[in-house]
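A.B. asks: Input: one structure, supplied below.
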Protein chains: 2
Amino acid sequence: MTDRTGAYHHGDLRAALIAEAAAMIADGGAASVTMREIGRRVGVSRAAPYRHFPDKAALLVAVAATGFRRLGDRLDSVGADAPGSGVGRFRRMGEEYVRFALENPAHYRLMYGREALTREDLPELREAADALFEQLVDVFRAHQRSGAIRRQDPRRQAYIAWSAVHGLASLLIDGQIQAAQDVDALVRQMTATLLDGMRAGAGRGA
Amino acid sequence: MTDRTGAYHHGDLRAALIAEAAAMIADGGAASVTMREIGRRVGVSRAAPYRHFPDKAALLVAVAATGFRRLGDRLDSVGADAPGSGVGRFRRMGEEYVRFALENPAHYRLMYGREALTREDLPELREAADALFEQLVDVFRAHQRSGAIRRQDPRRQAYIAWSAVHGLASLLIDGQIQAAQDVDALVRQMTATLLDGMRAGAGRGA
DNA sequence: CTTCGGTGTTGACAATGTCAACATAGCCAC
DNA sequence: GTGGCTATGTTGACATTGTCAACACCGAAG
């Protein structure tokens with residue numbers, strides 16, 4: 001198999017590079033990540049990573065994408081925990097989302113640090129993010145079915161909810177909102193506000 | 001006056017540096033900003049900027065802070081336009097906020113790119129951001145007085161609203177939400193949802 | 001006029017991303 | 001098995017960058 005990106009000399013350099021980069025990001029911020037240092041830590045030379053990623057941005061994209069997938073899994077699991085499709089599902093997902101961000105601030109920032117990471121040739125990130133979004137849309141579809149919220153374009157509702165949760169996570173991470181706040185309470189108030197707002201007449205968009 | 005940071009050899013290098021950096025950010029992204037290039041463009045040597053800013057991050061903080069002040073001014077003006085303190089005030093501010101972000105995406109990203117910019121010794125950014133937040137709190141206080149929304153901690157309401165608007169702006173800028181969407185309609189739906197939610201019973205936070 | 005601090009300049013250094021030339025290891029056809 | 005091809009990894013090299021140190025200059029204060 002030539003196509004397999006796996007074990008050759010090192011074992012599975014590609015995976016090791018992603019893991020090491022993630023680790024470095026976790027405890028030094030994205031700025032501390034260096035191609036050369038990653039190589040050093042993994043035990044290869046500085047140019048070795050270039051056999052697996054065309055450049056630094058590509059490696060970071062891969063790292064960011066794994067973040068979206070991990071986050072998606074976590075949201076899935078708390079979503080699945082829901083006994084019925086009660087309104088609590090969105091709330092629990094919101095809490096979990098913010099928790100993930102606070103636990104992995106640098107990684108989270110990287111995931112949305114689209115500035116350097118937006119590249120046509122690397123659709124992986126966008127796809128991972130899109131998958132996450134679709135999860136969210138499903139939640140709103142479910143909430144509509146259960147009559148908890150108003151029937152209208154669930155994607156629009158999901159956009160709004162995503163914005164709110166992502167915004168809160170970002171502001172918390174960056175310290176714009178003092179983390180001393182009771183975060184869970186804030187998340188609950190936010191999700192409740194949104195759901196209440198979506199239950200009421202709000203919807204004459206456009 | 002020795003304290004005056006102003007005109008000496010150049011005229012007003014400090015201000016020129018900030019302006020030039022802002023310009024470079026505007027059309028090349030933050031990554032394109034280079035101390036040396038800024039110097040080149042302003043017509044000074046590479047080390048000259050270091051007489052006015054201890055390092056690159058400090059200059060970027062200054063640039064980011066001007067962004068918050070400009071944004072604050074714009075929000076003020078649309079807020080002031082409000083005839084009464086009608087509920088429209090928050091909506092208009094939200095629209096203006098998102099407009100600013102879409103018009104100055106790179107600058108906006110820098111403003112919230114707290115990762116590299118969080119430094120104890122440079123409170124300027126935090127202060128500028130805090131001032132913006134206080135503007136928002138005032139809006140919710142006003143909306144409470146007019147009875148448009150529920151009476152509860154206006155800061156919590158402002159946090160939620162800020163999160164939502166900032167999140168939407170971020171996702172739009174980064175292309176996570178297709179800009180092809182009718183942005184204004186989305187903003188209107190969001191602000192309406194939030195206000196409706198704050199009018200209803202949502203508030204048992206904690 | 002002299003002097004001094006605020007400004008700006010050039011030289012230098014270490015670190016980084018990345019390319020090119022070169023080495024090698026494992027798998028394939030024979 | 002063996003020769004060779006490709007995937008993988010290595011070292012050398014280069015331009016660029018942030019930043020510091022040593023030096024030069026200009027204008028105000030005495």
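Labeling convention for the structure tokens: chains A, B, ... as they appear, residues from 1 per chain, ligands from 1 in order of appearance.
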Chain D residues within 9 Å of chain B, counting only C-alpha atoms (C1' of nucleotides): which ones, as a list in words?
C.D. replies: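 The contacting residues on chain D are DT17, DG18, DT19, DC26 and DG27 of chain D.
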A.B. asks: Quick check: residues of chain B within 7 Å of chain A, only C-alpha atoms, returned as a list of chain:residue names.
C.D. replies: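 Matching residues, ligands excluded from the count: B:Arg114, B:Ile160, B:Ser163, B:Ala164, B:His166, B:Gly167, B:Leu168, B:Leu171, B:Asp174, B:Ala185, B:Leu186, B:Arg188, B:Gln189, B:Met190, B:Ala192, B:Thr193, B:Leu194, B:Asp196, B:Gly197, B:Met198, B:Ala200, B:Ala202, B:Gly203, B:Arg204, B:Gly205, B:Ala206.
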A.B. asks: Enumerate, in order of chain and increasing residue number, the residues of chain C with an atom no farther than 8 Å from chain A, each with its shortest atom pair and distance in Å to one decimal, counting only C-alpha atoms (C1' of nucleotides), as a Markdown table.
C.D. replies:
```
| residue | atom | partner | partner_atom | distance |
| --- | --- | --- | --- | --- |
| C:DT16 | C1' | A:Thr34 | CA | 7.7 |
| C:DG17 | C1' | A:Met35 | CA | 7.8 |
| C:DA25 | C1' | A:His9 | CA | 7.5 |
```
A.B. asks: Can you tell me which residues surround Tyr108 (chain A) at a distance of at most 8 Å, considering only C-alpha atoms (C1' of nucleotides), apart from same-chain residues fewer than 5 positions away, and format the answer as a VMD selection string?
C.D. replies: chain A and resid 64 67 101
A.B. asks: What is the distance between CA of Ser146 (chain B) and CA of Glu96 (chain B), in Å to one decimal?
C.D. replies: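 Separation between CA of Ser146 (chain B) and CA of Glu96 (chain B): 22.1 Å.
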A.B. asks: Between CA of Pro154 (chain B) and CA of Arg141 (chain B), what is the spacing in Å?
C.D. replies: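 It comes out at 6.0 Å.
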A.B. asks: From a DSSP calculation on the backbone, collect every residue of region 7-116 of chain A in helix (DSSP H, G or I) and output the set as a ChimeraX atom specification.
C.D. replies: /A:13-26,30-32,35-42,48-51,56-81,88-103,105-112,114-116
